[in-house]
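Trainee: My structure file my_file.cif, mmCIF, C-alpha atoms, is below:
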data_run
#
loop_
_atom_site.label_atom_id
_atom_site.label_comp_id
_atom_site.auth_asym_id
_atom_site.auth_seq_id
_atom_site.Cartn_x
_atom_site.Cartn_y
_atom_site.Cartn_z
CA MET I 1 31.40 147.74 173.20
CA SER I 2 32.71 146.11 170.04
CA TRP I 3 30.19 144.13 168.02
CA THR I 4 32.49 141.11 168.35
CA ASN I 5 32.14 141.32 172.14
CA LYS I 6 28.38 141.13 171.61
CA TYR I 7 28.93 137.95 169.65
CA TRP I 8 31.01 136.44 172.46
CA GLN I 9 28.25 137.31 174.92
CA ILE I 10 25.88 135.30 172.76
CA VAL I 11 28.28 132.33 172.67
CA ASN I 12 28.67 132.55 176.44
CA GLY I 13 24.92 132.54 176.94
CA LEU I 14 24.48 129.47 174.75
CA TYR I 15 27.24 127.62 176.62
CA TRP I 16 25.79 128.27 180.06
CA VAL I 17 22.11 128.05 179.10
CA PRO I 18 22.01 125.37 176.37
CA SER I 19 18.23 125.21 176.68
CA TYR I 20 18.27 128.19 174.26
CA LEU I 21 19.40 125.65 171.67
CA GLY I 22 16.69 123.16 172.58
CA LEU I 23 18.95 121.05 174.79
CA THR I 24 17.69 119.67 178.10
CA SER I 25 19.65 119.03 181.28
CA ILE I 26 19.16 115.87 183.33
CA PRO I 27 18.72 116.77 187.03
CA LYS I 28 20.49 114.76 189.72
CA LYS I 29 17.20 113.32 190.95
CA TYR I 30 17.19 111.11 187.84
CA TRP I 31 20.75 109.88 188.38
CA LYS I 32 21.43 106.41 189.70
CA VAL I 33 24.81 106.40 191.44
CA ASP I 34 26.68 103.13 191.89
CA GLY I 35 30.17 103.77 193.24
CA ASP I 36 32.06 105.79 190.62
CA THR I 37 29.38 105.20 187.97
CA VAL I 38 26.32 107.33 187.21
CA SER I 39 23.48 106.02 185.05
CA ILE I 40 20.35 107.73 183.78
CA PRO I 41 17.09 106.47 182.27
CA LYS I 42 17.53 105.48 178.64
CA GLU I 43 14.48 107.44 177.55
CA MET I 44 16.21 110.65 178.66
CA THR I 45 19.12 110.18 176.24
CA ASN I 46 19.45 110.80 172.53
CA PRO I 47 19.18 107.31 170.97
CA VAL I 48 21.30 108.23 167.94
CA GLY I 49 23.87 110.62 169.39
CA PRO I 50 26.43 111.17 172.14
CA LEU I 51 26.05 112.62 175.62
CA TYR I 52 27.77 115.91 176.46
CA ARG I 53 28.85 117.74 179.58
CA ARG I 54 30.53 121.06 180.38
CA THR I 55 34.21 120.59 181.21
CA ARG I 56 35.51 124.17 181.34
CA SER I 57 34.75 127.40 183.12
CA GLY I 58 36.28 130.79 183.79
CA GLU I 59 39.39 131.80 181.86
CA GLU I 60 40.03 128.24 180.71
CA TYR I 61 36.67 128.25 178.96
CA TRP I 62 37.37 131.52 177.15
CA GLN I 63 40.80 130.38 175.99
CA PHE I 64 39.30 127.17 174.65
CA VAL I 65 36.28 128.62 172.87
CA ARG I 66 38.22 131.49 171.27
CA ARG I 67 40.82 129.08 169.91
CA GLN I 68 38.23 127.37 167.74
CA GLU I 69 38.35 128.17 164.04
CA GLU I 70 34.59 127.64 163.94
CA THR I 71 33.85 130.56 166.25
CA PHE I 72 36.20 132.81 164.32
CA ASN I 73 34.46 131.68 161.14
CA HIS I 74 31.16 132.85 162.64
CA ILE I 75 32.61 136.34 163.06
CA PHE I 76 34.06 136.18 159.55
CA ASP I 77 30.65 135.23 158.16
CA LEU I 78 28.89 138.01 160.06
CA THR I 79 31.41 140.60 158.94
CA PHE I 80 31.30 139.74 155.28
CA SER I 81 27.55 139.26 155.17
CA ILE I 82 27.18 142.86 156.41
CA LEU I 83 29.87 144.46 154.25
CA PRO I 84 28.73 145.88 150.89
CA GLY I 85 29.83 143.73 147.97
CA ASP I 86 32.08 146.38 146.50
CA VAL I 87 33.94 146.68 149.82
CA VAL I 88 34.51 142.92 149.82
CA SER I 89 36.01 143.37 146.36
CA ASP I 90 38.22 146.20 147.60
CA LEU I 91 39.47 144.14 150.55
CA PHE I 92 40.49 141.11 148.51
CA GLY I 93 41.11 142.74 145.13
CA GLN I 94 44.87 143.09 145.48
CA PHE I 95 45.24 139.37 146.18
CA VAL I 96 43.07 137.78 143.47
CA SER I 97 42.88 137.70 139.68
CA ALA I 98 39.48 139.40 139.65
CA GLY I 99 40.99 142.60 141.02
CA PHE I 100 38.70 145.41 142.11
CA GLY I 101 35.32 146.74 141.07
CA HIS I 102 33.05 143.75 141.66
CA ASN I 103 29.83 143.65 143.67
CA TYR I 104 29.96 140.38 145.59
CA ASP I 105 27.09 138.70 147.38
CA ALA I 106 28.01 136.44 150.29
CA TYR I 107 26.38 133.06 149.68
CA ASP I 108 24.03 132.17 152.53
CA GLY I 109 22.18 129.12 151.26
CA ASP I 110 22.61 125.39 151.84
CA LEU I 111 25.44 124.25 149.58
CA GLY I 112 24.65 120.59 150.15
CA GLN I 113 21.05 120.94 149.02
CA GLU I 114 21.66 123.36 146.16
CA TYR I 115 24.89 122.03 144.67
CA PHE I 116 25.53 118.46 145.81
CA HIS I 117 22.21 116.58 145.82
CA GLY I 118 21.84 116.87 149.57
CA ASN I 119 25.43 115.89 150.43
CA GLN I 120 27.52 118.32 152.49
CA VAL I 121 30.61 118.01 150.30
CA THR I 122 32.37 121.19 151.39
CA ALA I 123 31.80 124.19 153.67
CA PRO I 124 33.81 127.24 152.54
CA ASP I 125 34.79 129.83 155.13
CA GLY I 126 33.75 132.45 152.60
CA PHE I 127 31.92 132.02 149.28
CA PHE I 128 31.18 135.16 147.28
CA LEU I 129 29.43 135.46 143.94
CA ALA I 130 29.41 138.32 141.45
CA ARG I 131 28.19 138.70 137.89
CA ASP I 132 31.58 137.77 136.40
CA SER I 133 33.47 136.41 139.38
CA ILE I 134 33.50 133.63 141.99
CA LEU I 135 35.63 134.02 145.11
CA ALA I 136 36.12 131.38 147.81
CA VAL I 137 38.11 132.09 150.97
CA GLU I 138 39.65 129.37 153.12
CA LEU I 139 40.98 130.31 156.58
CA LYS I 140 43.88 128.21 157.82
CA PHE I 141 44.98 129.27 161.30
CA ASN I 142 45.45 125.81 162.76
CA ALA I 143 43.68 123.24 160.59
CA LYS I 144 45.46 121.92 157.51
CA THR I 145 44.35 121.91 153.92
CA SER I 146 44.72 118.98 151.52
CA LEU I 147 44.26 117.89 147.93
CA ASP I 148 40.95 116.43 149.07
CA GLN I 149 39.78 119.89 150.14
CA LEU I 150 41.11 121.52 146.97
CA ALA I 151 39.24 118.98 144.86
CA LYS I 152 35.98 119.81 146.63
CA TYR I 153 36.50 123.52 146.00
CA MET I 154 37.03 122.83 142.31
CA LEU I 155 33.80 120.82 142.28
CA LEU I 156 31.97 123.68 144.02
CA PHE I 157 33.18 126.18 141.40
CA ALA I 158 32.14 123.83 138.62
CA ARG I 159 28.67 123.29 140.07
CA GLU I 160 28.12 127.02 140.52
CA GLU I 161 29.01 127.66 136.89
CA GLN I 162 26.72 124.85 135.79
CA ARG I 163 23.89 126.48 137.73
CA ASN I 164 24.46 130.15 136.95
CA GLY I 165 26.84 130.41 134.04
CA GLU I 166 30.57 130.58 133.43
CA ARG I 167 32.48 133.46 135.03
CA LYS I 168 35.49 135.38 133.84
CA HIS I 169 37.30 135.15 137.19
CA LEU I 170 37.68 132.15 139.51
CA ASP I 171 39.62 132.78 142.71
CA LEU I 172 40.42 130.58 145.68
CA LEU I 173 42.13 132.58 148.43
CA TYR I 174 43.91 130.83 151.31
CA VAL I 175 44.58 132.81 154.49
CA PHE I 176 47.43 131.36 156.55
CA ASN I 177 48.96 132.78 159.72
CA SER I 178 52.49 132.49 158.27
CA ARG I 179 54.49 131.06 155.32
CA PRO I 180 51.41 130.51 153.12
CA LEU I 181 53.10 129.13 149.99
CA GLU I 182 55.32 126.82 152.01
CA LYS I 183 52.42 125.49 154.07
CA PHE I 184 50.16 124.95 151.07
CA ALA I 185 52.85 122.96 149.29
CA ALA I 186 53.64 120.88 152.37
CA GLN I 187 50.00 120.08 153.10
CA THR I 188 48.81 119.34 149.55
CA GLY I 189 51.98 117.99 147.98
CA ILE I 190 51.81 120.50 145.11
CA GLU I 191 52.90 124.08 144.53
CA ALA I 192 50.13 126.67 144.25
CA LYS I 193 51.42 127.65 140.81
CA ASP I 194 50.84 124.07 139.63
CA VAL I 195 47.05 124.16 140.12
CA GLY I 196 45.94 123.46 136.56
CA SER I 197 44.20 121.13 134.17
CA ASP I 198 46.76 118.33 134.52
CA LEU I 199 45.82 117.96 138.21
CA MET I 200 42.51 116.22 137.54
CA ASP I 201 43.60 112.62 138.12
CA LYS I 202 45.36 113.52 141.38
CA LEU I 203 42.26 115.31 142.66
CA ILE I 204 39.96 112.38 141.95
CA GLU I 205 42.40 110.03 143.66
CA ALA I 206 42.68 112.36 146.68
CA VAL I 207 38.95 112.61 147.44
CA LYS I 208 38.17 110.36 150.39
CA ALA I 209 34.36 110.40 150.51
CA ASP I 210 32.72 108.09 147.98
CA GLY I 211 29.85 110.50 147.32
CA ALA I 212 32.14 113.43 146.67
CA ARG I 213 34.39 111.34 144.42
CA LYS I 214 31.39 110.21 142.40
CA LEU I 215 30.23 113.81 141.97
CA LEU I 216 33.72 114.83 140.89
CA GLN I 217 33.82 112.06 138.30
CA GLU I 218 30.31 112.88 137.05
CA ASN I 219 31.29 116.54 136.64
CA GLN I 220 34.83 115.90 135.45
CA GLN I 221 34.55 117.97 132.27
CA ALA I 222 33.24 121.00 134.18
CA VAL I 223 35.90 120.64 136.87
CA GLN I 224 38.57 120.32 134.18
CA ARG I 225 37.36 123.61 132.72
CA VAL I 226 37.63 125.23 136.16
CA LEU I 227 41.17 123.94 136.59
CA GLU I 228 42.18 125.44 133.27
CA ARG I 229 41.13 128.91 134.48
CA MET I 230 41.84 128.63 138.19
CA PHE I 231 43.82 131.20 140.12
CA SER I 232 44.90 130.25 143.63
CA SER I 233 46.20 132.99 145.89
CA MET I 234 47.84 132.88 149.30
CA LEU I 235 47.49 135.59 151.91
CA GLN I 236 49.42 135.95 155.14
CA GLN I 237 47.52 138.89 156.56
CA ASP I 238 45.47 141.85 155.37
CA GLN I 239 45.69 145.23 157.09
CA GLY I 240 43.41 147.31 154.88
CA ASP I 241 42.25 150.80 155.89
CA ARG I 242 38.48 150.89 155.36
CA THR I 243 35.75 153.45 155.89
CA LEU I 244 33.39 151.10 157.71
CA ALA I 245 35.40 151.57 160.88
CA ALA I 246 33.01 150.15 163.48
CA LEU I 247 32.63 146.88 161.61
CA LEU I 248 36.15 146.38 160.37
CA ASN I 249 37.93 147.64 163.46
CA GLY I 250 36.07 145.04 165.49
CA PHE I 251 37.01 142.35 162.99
CA ALA I 252 40.66 143.50 163.00
CA ALA I 253 40.72 143.40 166.79
CA GLU I 254 39.33 139.85 166.71
CA ILE I 255 42.06 138.81 164.28
CA ALA I 256 44.72 140.32 166.54
CA ALA I 257 43.25 138.62 169.62
CA HIS I 258 42.93 135.17 168.08
CA PRO I 259 45.54 132.94 169.74
CA LEU I 260 46.10 130.86 166.60
CA LEU I 261 46.80 133.73 164.25
CA ASN I 262 49.66 135.58 165.96
CA VAL I 263 49.50 138.76 163.87
CA LYS I 264 49.09 142.39 164.82
CA ALA I 265 46.35 144.59 163.40
CA ASP I 266 47.10 148.28 162.81
#
As C-alpha coordinates, how would this structure be written, given the file I've shared?
Mentor:
Amino acid sequence: MSWTNKYWQIVNGLYWVPSYLGLTSIPKKYWKVDGDTVSIPKEMTNPVGPLYRRTRSGEEYWQFVRRQEETFNHIFDLTFSILPGDVVSDLFGQFVSAGFGHNYDAYDGDLGQEYFHGNQVTAPDGFFLARDSILAVELKFNAKTSLDQLAKYMLLFAREEQRNGERKHLDLLYVFNSRPLEKFAAQTGIEAKDVGSDLMDKLIEAVKADGARKLLQENQQAVQRVLERMFSSMLQQDQGDRTLAALLNGFAAEIAAHPLLNVKAD
(Lines of atoms letter the chains of each structure in order from A and count residues from 1; the text may use other names and numbers.)
(Lines give C-alpha, C1' and ligand atoms only; values in the text may rest on other atoms or scores of the structure.)
Protein backbone atom coordinates (compact mmCIF):
# COMPACT_ATOMS: atom_id res chain seq x y z
CA MET A 1 0.00 0.00 0.00
CA SER A 2 1.29 3.43 -0.94
CA TRP A 3 1.98 5.80 1.94
CA THR A 4 -0.44 8.28 0.32
CA ASN A 5 -3.21 5.68 0.62
CA LYS A 6 -2.42 5.54 4.33
CA TYR A 7 -2.92 9.28 4.45
CA TRP A 8 -6.30 9.02 2.74
CA GLN A 9 -7.33 6.36 5.26
CA ILE A 10 -6.57 8.86 8.00
CA VAL A 11 -8.62 11.57 6.27
CA ASN A 12 -11.48 9.11 5.84
CA GLY A 13 -11.38 8.19 9.52
CA LEU A 14 -11.50 11.83 10.58
CA TYR A 15 -14.45 12.51 8.28
CA TRP A 16 -16.54 9.62 9.56
CA VAL A 17 -15.45 9.79 13.21
CA PRO A 18 -14.95 13.54 13.86
CA SER A 19 -14.79 12.84 17.59
CA TYR A 20 -11.09 12.10 16.92
CA LEU A 21 -10.78 15.85 16.35
CA GLY A 22 -12.65 16.73 19.53
CA LEU A 23 -15.97 17.32 17.75
CA THR A 24 -19.23 16.09 19.27
CA SER A 25 -22.35 14.91 17.49
CA ILE A 26 -25.82 15.95 18.63
CA PRO A 27 -28.09 12.87 18.88
CA LYS A 28 -31.65 13.00 17.58
CA LYS A 29 -33.06 12.79 21.09
CA TYR A 30 -31.99 16.42 21.56
CA TRP A 31 -33.63 17.60 18.34
CA LYS A 32 -36.88 19.53 18.40
CA VAL A 33 -38.69 19.00 15.10
CA ASP A 34 -41.29 21.51 13.95
CA GLY A 35 -42.41 20.74 10.40
CA ASP A 36 -39.37 21.15 8.13
CA THR A 37 -37.32 22.82 10.87
CA VAL A 38 -35.02 21.18 13.42
CA SER A 39 -33.77 23.07 16.47
CA ILE A 40 -31.32 22.06 19.17
CA PRO A 41 -30.48 23.44 22.63
CA LYS A 42 -28.32 26.54 22.39
CA GLU A 43 -25.87 25.23 24.97
CA MET A 44 -24.99 22.37 22.61
CA THR A 45 -23.78 24.72 19.86
CA ASN A 46 -20.56 26.63 19.40
CA PRO A 47 -21.44 30.22 20.40
CA VAL A 48 -18.80 31.77 18.13
CA GLY A 49 -18.80 29.45 15.12
CA PRO A 50 -20.94 27.72 12.50
CA LEU A 51 -22.71 24.37 12.57
CA TYR A 52 -21.58 21.62 10.21
CA ARG A 53 -23.02 18.44 8.77
CA ARG A 54 -21.84 15.68 6.43
CA THR A 55 -23.26 16.12 2.93
CA ARG A 56 -21.33 13.52 0.92
CA SER A 57 -20.65 9.82 0.98
CA GLY A 58 -19.28 7.07 -1.22
CA GLU A 59 -17.57 8.02 -4.48
CA GLU A 60 -18.94 11.56 -4.36
CA TYR A 61 -17.13 12.09 -1.07
CA TRP A 62 -13.81 10.86 -2.44
CA GLN A 63 -14.06 13.00 -5.56
CA PHE A 64 -14.78 16.04 -3.42
CA VAL A 65 -12.11 15.57 -0.78
CA ARG A 66 -9.36 14.70 -3.27
CA ARG A 67 -10.12 17.82 -5.31
CA GLN A 68 -9.14 20.06 -2.43
CA GLU A 69 -5.78 21.79 -2.72
CA GLU A 70 -5.53 21.65 1.07
CA THR A 71 -5.44 17.85 1.19
CA PHE A 72 -2.87 17.73 -1.58
CA ASN A 73 -0.85 20.30 0.35
CA HIS A 74 -0.87 17.93 3.34
CA ILE A 75 0.75 15.25 1.19
CA PHE A 76 3.19 17.80 -0.20
CA ASP A 77 4.14 18.84 3.34
CA LEU A 78 4.59 15.25 4.48
CA THR A 79 6.73 14.38 1.47
CA PHE A 80 9.07 17.32 1.76
CA SER A 81 9.36 17.14 5.53
CA ILE A 82 10.64 13.56 5.14
CA LEU A 83 12.95 14.14 2.17
CA PRO A 84 16.59 14.97 2.99
CA GLY A 85 17.40 18.62 2.36
CA ASP A 86 19.87 17.89 -0.40
CA VAL A 87 17.23 15.88 -2.28
CA VAL A 88 14.85 18.84 -2.05
CA SER A 89 17.62 20.91 -3.62
CA ASP A 90 18.10 18.34 -6.37
CA LEU A 91 14.38 18.26 -7.16
CA PHE A 92 13.97 22.01 -7.52
CA GLY A 93 17.52 22.99 -8.47
CA GLN A 94 16.96 23.11 -12.22
CA PHE A 95 14.10 25.58 -11.80
CA VAL A 96 15.52 28.13 -9.35
CA SER A 97 18.44 30.53 -9.16
CA ALA A 98 19.96 28.71 -6.18
CA GLY A 99 20.66 25.66 -8.33
CA PHE A 100 21.83 22.46 -6.68
CA GLY A 101 23.90 21.54 -3.65
CA HIS A 102 21.90 23.08 -0.80
CA ASN A 103 20.70 21.38 2.37
CA TYR A 104 17.19 22.69 2.93
CA ASP A 105 15.14 22.38 6.09
CA ALA A 106 11.36 22.43 5.66
CA TYR A 107 9.98 25.12 7.96
CA ASP A 108 7.53 23.63 10.44
CA GLY A 109 6.88 26.45 12.89
CA ASP A 110 4.10 29.00 13.25
CA LEU A 111 4.78 31.75 10.72
CA GLY A 112 2.20 34.05 12.26
CA GLN A 113 3.77 33.90 15.70
CA GLU A 114 7.40 33.95 14.60
CA TYR A 115 7.31 36.43 11.72
CA PHE A 116 4.16 38.54 11.84
CA HIS A 117 3.43 39.42 15.48
CA GLY A 118 0.73 36.79 15.78
CA ASN A 119 -1.00 37.58 12.48
CA GLN A 120 -1.40 34.78 9.93
CA VAL A 121 -0.29 36.88 6.97
CA THR A 122 0.58 34.06 4.59
CA ALA A 123 0.72 30.26 4.52
CA PRO A 124 3.20 28.96 1.91
CA ASP A 125 2.64 25.53 0.42
CA GLY A 126 6.36 24.95 0.88
CA PHE A 127 8.93 27.06 2.76
CA PHE A 128 12.51 25.81 2.82
CA LEU A 129 15.52 27.38 4.47
CA ALA A 130 19.21 26.76 3.89
CA ARG A 131 22.38 28.51 5.00
CA ASP A 132 22.53 30.70 1.88
CA SER A 133 19.12 30.18 0.32
CA ILE A 134 15.38 30.67 0.87
CA LEU A 135 12.91 28.76 -1.29
CA ALA A 136 9.13 29.15 -1.22
CA VAL A 137 6.84 26.95 -3.30
CA GLU A 138 3.29 27.93 -4.25
CA LEU A 139 1.00 25.26 -5.74
CA LYS A 140 -1.64 26.55 -8.13
CA PHE A 141 -3.85 23.74 -9.43
CA ASN A 142 -7.17 25.54 -9.17
CA ALA A 143 -6.82 28.57 -6.90
CA LYS A 144 -5.46 31.80 -8.36
CA THR A 145 -2.52 33.88 -7.28
CA SER A 146 -2.50 37.67 -7.03
CA LEU A 147 -0.31 40.68 -6.36
CA ASP A 148 -1.65 40.54 -2.81
CA GLN A 149 -0.21 37.05 -2.39
CA LEU A 150 3.08 38.00 -4.04
CA ALA A 151 3.41 40.96 -1.67
CA LYS A 152 2.97 38.69 1.34
CA TYR A 153 5.66 36.34 0.06
CA MET A 154 8.05 39.27 -0.32
CA LEU A 155 7.26 40.29 3.25
CA LEU A 156 7.90 36.73 4.45
CA PHE A 157 11.31 36.66 2.75
CA ALA A 158 12.18 40.03 4.25
CA ARG A 159 11.17 38.96 7.76
CA GLU A 160 13.19 35.74 7.52
CA GLU A 161 16.29 37.69 6.51
CA GLN A 162 15.72 40.14 9.33
CA ARG A 163 15.59 37.23 11.76
CA ASN A 164 18.37 35.01 10.44
CA GLY A 165 20.48 37.02 8.06
CA GLU A 166 20.56 37.88 4.37
CA ARG A 167 20.84 34.99 1.90
CA LYS A 168 22.55 34.77 -1.45
CA HIS A 169 19.56 33.14 -3.16
CA LEU A 170 15.86 34.03 -2.91
CA ASP A 171 13.50 31.85 -4.93
CA LEU A 172 9.73 31.80 -5.25
CA LEU A 173 8.58 28.83 -7.34
CA TYR A 174 5.04 28.65 -8.72
CA VAL A 175 3.69 25.25 -9.78
CA PHE A 176 0.82 25.53 -12.26
CA ASN A 177 -0.98 22.71 -14.05
CA SER A 178 -0.50 24.41 -17.45
CA ARG A 179 0.66 27.67 -19.10
CA PRO A 180 2.44 28.98 -15.98
CA LEU A 181 3.81 32.26 -17.34
CA GLU A 182 0.53 33.12 -19.03
CA LYS A 183 -1.51 32.36 -15.91
CA PHE A 184 0.80 34.29 -13.60
CA ALA A 185 0.61 37.36 -15.81
CA ALA A 186 -3.17 37.14 -16.15
CA GLN A 187 -3.75 36.70 -12.42
CA THR A 188 -1.28 39.30 -11.11
CA GLY A 189 -1.30 41.82 -13.92
CA ILE A 190 2.49 41.68 -14.29
CA GLU A 191 5.00 39.50 -16.10
CA ALA A 192 7.17 37.25 -13.93
CA LYS A 193 10.28 38.87 -15.40
CA ASP A 194 9.08 42.24 -14.08
CA VAL A 195 9.25 41.25 -10.40
CA GLY A 196 11.74 43.84 -9.17
CA SER A 197 12.41 46.83 -6.98
CA ASP A 198 10.08 49.16 -8.90
CA LEU A 199 7.10 46.98 -7.90
CA MET A 200 6.99 48.18 -4.30
CA ASP A 201 4.19 50.73 -4.61
CA LYS A 202 1.97 48.30 -6.52
CA LEU A 203 2.48 45.62 -3.86
CA ILE A 204 1.54 47.93 -1.01
CA GLU A 205 -1.56 49.04 -2.89
CA ALA A 206 -2.52 45.42 -3.66
CA VAL A 207 -2.46 44.15 -0.06
CA LYS A 208 -6.04 43.89 1.17
CA ALA A 209 -5.61 43.16 4.89
CA ASP A 210 -4.84 46.24 6.98
CA GLY A 211 -2.47 44.36 9.29
CA ALA A 212 -0.46 42.89 6.43
CA ARG A 213 -0.29 46.27 4.66
CA LYS A 214 0.99 47.91 7.83
CA LEU A 215 3.68 45.24 8.22
CA LEU A 216 4.68 45.71 4.59
CA GLN A 217 4.99 49.46 5.07
CA GLU A 218 6.94 49.05 8.33
CA ASN A 219 9.36 46.68 6.60
CA GLN A 220 9.43 48.49 3.28
CA GLN A 221 13.22 48.85 3.11
CA ALA A 222 13.76 45.15 3.76
CA VAL A 223 11.10 44.17 1.23
CA GLN A 224 12.64 46.53 -1.31
CA ARG A 225 15.95 44.73 -0.81
CA VAL A 226 14.23 41.39 -1.42
CA LEU A 227 12.64 42.67 -4.60
CA GLU A 228 16.02 43.78 -5.91
CA ARG A 229 17.34 40.21 -5.61
CA MET A 230 14.18 38.21 -6.24
CA PHE A 231 13.99 35.36 -8.71
CA SER A 232 10.53 34.06 -9.56
CA SER A 233 10.29 30.77 -11.41
CA MET A 234 7.35 28.98 -12.99
CA LEU A 235 7.02 25.23 -13.21
CA GLN A 236 4.47 23.24 -15.17
CA GLN A 237 5.41 19.79 -13.93
CA ASP A 238 8.43 17.96 -12.54
CA GLN A 239 9.13 14.34 -13.46
CA GLY A 240 12.42 13.77 -11.67
CA ASP A 241 13.93 10.29 -11.27
CA ARG A 242 14.89 9.94 -7.60
CA THR A 243 16.41 7.21 -5.46
CA LEU A 244 13.86 7.48 -2.66
CA ALA A 245 11.41 5.46 -4.72
CA ALA A 246 8.84 4.52 -2.08
CA LEU A 247 8.34 8.13 -1.03
CA LEU A 248 8.53 9.86 -4.37
CA ASN A 249 6.67 7.25 -6.38
CA GLY A 250 3.73 7.65 -4.01
CA PHE A 251 3.91 11.42 -4.37
CA ALA A 252 4.13 11.14 -8.18
CA ALA A 253 1.10 8.84 -8.21
CA GLU A 254 -0.83 11.37 -6.11
CA ILE A 255 0.06 14.13 -8.57
CA ALA A 256 -1.12 12.00 -11.48
CA ALA A 257 -4.37 11.12 -9.69
CA HIS A 258 -5.24 14.66 -8.65
CA PRO A 259 -8.24 15.75 -10.73
CA LEU A 260 -7.14 19.39 -10.85
CA LEU A 261 -3.64 18.79 -12.14
CA ASN A 262 -4.22 16.78 -15.32
CA VAL A 263 -0.62 15.64 -15.83
CA LYS A 264 0.92 12.21 -16.18
CA ALA A 265 3.73 10.98 -13.97
CA ASP A 266 6.36 8.66 -15.47
Trainee: Report, as AutoDock Vina command-line options, the axis-aligned box around all atoms of region 176-183 of chain I present in the file, extended by 3 Å on each side; give centre and edge lengths in Å to one decimal place.
Mentor:
--center_x 51.4 --center_y 129.1 --center_z 154.9 --size_x 13.9 --size_y 13.3 --size_z 15.7
Trainee: Determine the residue set returned by the PyMOL selection byres ((chain I and resi 212) around 12) for the present structure, and present it as a VMD selection string.
Mentor: chain I and resid 112 115 to 122 148 to 149 151 to 156 203 to 211 213 to 220
Trainee: Applying 6 Å and all atoms listed in the file, which residues near Phe100 (chain I) remain after dropping the ones on its own chain fewer than 5 positions away? List them as a list in words.
Mentor: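 Everything that qualifies: Ser89, Asp90 and Gly93 of chain I.
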Trainee: When you draw a straight line from CA of Glu43 (chain I) to CA of Arg56 (chain I), how long is it in Å?
Mentor: 27.1 Å
Trainee: Please determine, counting only C-alpha atoms, which residue among I:Leu139, I:Ile75, I:Ile10, I:Ala123 has the shortest atom-to-atom distance to Asp110 (chain I).
Mentor: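 Once distances to Asp110 (chain I) are computed over only C-alpha atoms, the minimum belongs to I:Ala123.
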Trainee: Tell me, in Å to one decimal, how far CA of Tyr104 (chain I) is from CA of Ile82 (chain I).
Mentor: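 These two atoms are separated by 11.4 Å.
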Trainee: Could you tell me which residues the PyMOL selection byres ((chain I and resi 185) around 12) returns for this structure, as a list in words?
Mentor: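 Applied to this file, the PyMOL selection byres ((chain I and resi 185) around 12) selects Lys144, Thr145, Ser146, Leu147, Arg179, Pro180, Leu181, Glu182, Lys183, Phe184, Ala186, Gln187, Thr188, Gly189, Ile190, Glu191, Ala192, Lys193, Asp194, Val195 and Met234 of chain I.
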Trainee: In Å, with one decimal, what is the gap from CA of Phe127 (chain I) to CA of Trp8 (chain I)?
Mentor: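 According to the coordinates, CA of Phe127 (chain I) and CA of Trp8 (chain I) are separated by 23.6 Å.
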Trainee: For Gln162 (chain I), which residue out of I:Val96, I:Val175, I:Gln221, I:Thr55 is the nearest one, using all atoms listed in the file?
Mentor: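 Ranking I:Val96, I:Val175, I:Gln221, I:Thr55 by distance to Gln162 (chain I), first place goes to I:Gln221.
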Trainee: Name the residues in contact with Val87 (chain I) at a cut-off of 10 Å, using all atoms listed in the file, excluding same-chain residues fewer than 2 positions from it; report them as a ChimeraX atom specification.
Mentor: /I:80,83-85,89-93,100-104,242-244
